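Data file: structure.cif. Format and content: mmCIF, C-alpha atoms.
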data_final
loop_
_atom_site.group_PDB
_atom_site.id
_atom_site.type_symbol
_atom_site.label_atom_id
_atom_site.label_comp_id
_atom_site.auth_asym_id
_atom_site.auth_seq_id
_atom_site.Cartn_x
_atom_site.Cartn_y
_atom_site.Cartn_z
ATOM 1 C CA MET A 200 144.127 120.081 121.744
ATOM 2 C CA ALA A 201 146.072 122.920 123.377
ATOM 3 C CA LYS A 202 144.632 124.701 126.367
ATOM 4 C CA LYS A 203 144.098 128.438 126.091
ATOM 5 C CA LYS A 204 146.323 130.391 128.406
ATOM 6 C CA GLY A 205 146.462 133.902 129.672
ATOM 7 C CA PRO A 206 145.047 136.056 132.429
ATOM 8 C CA ARG A 207 141.322 136.215 133.108
ATOM 9 C CA TYR A 208 138.923 138.749 134.574
ATOM 10 C CA ALA A 209 136.859 137.812 137.641
ATOM 11 C CA ASN A 210 133.880 136.887 135.425
ATOM 12 C CA GLY A 211 135.966 134.336 133.496
ATOM 13 C CA ASN A 212 136.613 136.314 130.299
ATOM 14 C CA ARG A 213 140.125 136.165 128.901
ATOM 15 C CA LYS A 214 141.707 139.625 129.019
ATOM 16 C CA ALA A 215 143.085 139.519 125.473
ATOM 17 C CA GLN A 216 139.719 138.405 124.093
ATOM 18 C CA GLN A 217 137.846 141.154 125.964
ATOM 19 C CA LYS A 218 140.309 143.840 124.826
ATOM 20 C CA ALA A 219 139.824 142.772 121.211
ATOM 21 C CA TYR A 220 136.016 142.777 121.590
ATOM 22 C CA ASN A 221 136.029 146.271 123.125
ATOM 23 C CA LYS A 222 137.732 147.585 119.986
ATOM 24 C CA THR A 223 135.036 146.271 117.606
ATOM 25 C CA LYS A 224 132.175 148.559 116.515
ATOM 26 C CA LYS A 225 129.634 146.687 118.642
ATOM 27 C CA GLY A 226 131.886 146.516 121.709
ATOM 28 C CA LEU A 227 132.802 150.184 121.455
ATOM 29 C CA LYS A 228 129.142 151.204 121.151
ATOM 30 C CA LEU A 229 128.207 149.185 124.246
ATOM 31 C CA ARG A 230 131.077 150.646 126.246
ATOM 32 C CA VAL A 231 130.305 154.248 125.232
ATOM 33 C CA ARG A 232 126.607 153.911 126.139
ATOM 34 C CA ALA A 233 127.430 152.320 129.487
ATOM 35 C CA ASN A 234 129.914 155.070 130.337
ATOM 36 C CA LYS A 235 127.433 157.815 129.356
ATOM 37 C CA LEU A 236 124.763 156.379 131.623
ATOM 38 C CA ARG A 237 127.213 156.028 134.531
ATOM 39 C CA LYS A 238 128.170 159.687 134.117
ATOM 40 C CA LYS A 239 124.510 160.774 133.840
ATOM 41 C CA LEU A 240 123.638 158.901 137.070
ATOM 42 C CA GLY A 241 126.699 160.282 138.876
ATOM 43 C CA LEU A 242 128.234 156.877 139.637
ATOM 44 C CA LYS A 243 131.944 157.069 140.384
ATOM 45 C CA VAL A 244 134.603 154.407 139.815
ATOM 46 C CA GLY A 245 134.500 151.973 142.734
ATOM 47 C CA ASP A 246 130.847 152.748 143.550
ATOM 48 C CA SER A 247 128.969 149.762 144.972
ATOM 49 C CA ARG A 248 126.200 150.259 142.391
ATOM 50 C CA ASP A 249 125.964 149.606 138.661
ATOM 51 C CA ALA A 250 124.110 151.624 136.055
ATOM 52 C CA ALA A 251 121.172 149.382 135.069
ATOM 53 C CA HIS A 252 119.476 150.246 131.769
ATOM 54 C CA TYR A 253 115.697 150.148 131.534
ATOM 55 C CA LYS A 254 114.447 147.387 129.233
ATOM 56 C CA GLY A 255 114.884 148.381 125.594
ATOM 57 C CA SER A 256 116.627 151.670 126.408
ATOM 58 C CA THR A 257 120.210 152.610 125.647
ATOM 59 C CA SER A 258 120.205 156.029 127.326
ATOM 60 C CA LYS A 259 117.914 155.747 130.373
ATOM 61 C CA GLY A 260 118.464 153.759 133.515
ATOM 62 C CA ARG A 261 118.788 153.647 137.277
ATOM 63 C CA PRO A 262 121.480 152.893 139.820
ATOM 64 C CA GLN A 263 121.199 149.308 141.037
ATOM 65 C CA SER A 264 123.294 147.111 143.315
ATOM 66 C CA ARG A 265 125.948 145.140 141.436
ATOM 67 C CA ALA A 266 124.653 141.799 142.689
ATOM 68 C CA LYS A 267 121.074 142.384 141.449
ATOM 69 C CA ASN A 268 122.150 143.822 138.103
ATOM 70 C CA ARG A 269 124.610 141.041 137.307
ATOM 71 C CA ALA A 270 122.286 138.295 138.553
ATOM 72 C CA SER A 271 119.551 139.531 136.188
ATOM 73 C CA ARG A 272 122.014 139.294 133.276
ATOM 74 C CA LYS A 273 122.765 135.641 134.084
ATOM 75 C CA LEU A 274 119.052 134.823 134.042
ATOM 76 C CA LYS A 275 118.660 136.383 130.599
ATOM 77 C CA ILE A 276 121.603 134.383 129.237
ATOM 78 C CA ARG A 277 120.300 131.090 130.649
ATOM 79 C CA ARG A 278 116.815 131.582 129.151
ATOM 80 C CA LYS A 279 118.111 131.756 125.561
#
Encoded form using structure tokens:
Amino acid sequence: MAKKKGPRYANGNRKAQQKAYNKTKKGLKLRVRANKLRKKLGLKVGDSRDAAHYKGSTSKGRPQSRAKNRASRKLKIRRK
């Protein structure tokens, strides 16, 4: 079995795979909603906070530290 090669992002995703996903309908929709919320909350590129959506909402949220927001995502993934 051949090993997959290529550059990765810090979270472990392969760059080519992530680029392809971001072009799909679902990936594009997620990206657009995330960018809208960041703009609405006034978060700039390089800000130490993430835009955290409220549960079940795609347009409302709050600024939250990156560590808390990304840790909560890992818990959700592990529970499934």
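Between CA of Val231 in chain A and CA of Lys267 in chain A there is a distance of 22.1 Å.
Counting from CA of Gly226 in chain A, the distance to CA of Lys202 in chain A is 25.7 Å.
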Centre and edges of the range 251-263 of chain A box, axis-aligned, 8 Å extra per side, as AutoDock Vina command-line options:
--center_x 118.0 --center_y 151.7 --center_z 133.3 --size_x 23.0 --size_y 24.6 --size_z 31.4
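Counting all atoms listed in the file, the residue from A:Gly241, A:Ala233, A:Asn210, A:Ala215 that sits nearest to Lys273 in chain A is A:Asn210.
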Closest atom pairs, range 228-275 of chain A residues within 9 Å of range 216-222 of chain A, all atoms listed in the file, as a tab-separated table:
residue	atom	partner	partner_atom	distance
A:Lys228	CA	A:Asn221	CA	8.7
A:Leu229	CA	A:Asn221	CA	8.4
A:Arg230	CA	A:Asn221	CA	7.3
Can you spit out the residues from that selection as a PDB file, in the frame of the given file, using C-alpha atoms?
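Just written: result.pdb:
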ATOM      1  CA  LYS A 228     129.142 151.204 121.151  1.00  0.00           C
ATOM      2  CA  LEU A 229     128.207 149.185 124.246  1.00  0.00           C
ATOM      3  CA  ARG A 230     131.077 150.646 126.246  1.00  0.00           C
TER       4      ARG A 230
END
Between CA of Arg237 in chain A and CA of Lys224 in chain A lies a distance of 20.1 Å
With the file shown as input, list the residues that the PyMOL selection byres ((chain A and resi 261) around 9) selects, as a PyMOL selection string.
-> chain A and resi 236+240+249-253+259-260+262-263
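Nearest residue to Arg269 in chain A among A:Lys238, A:Lys203, A:Lys243, A:Arg248 is A:Arg248, counting all atoms listed in the file.
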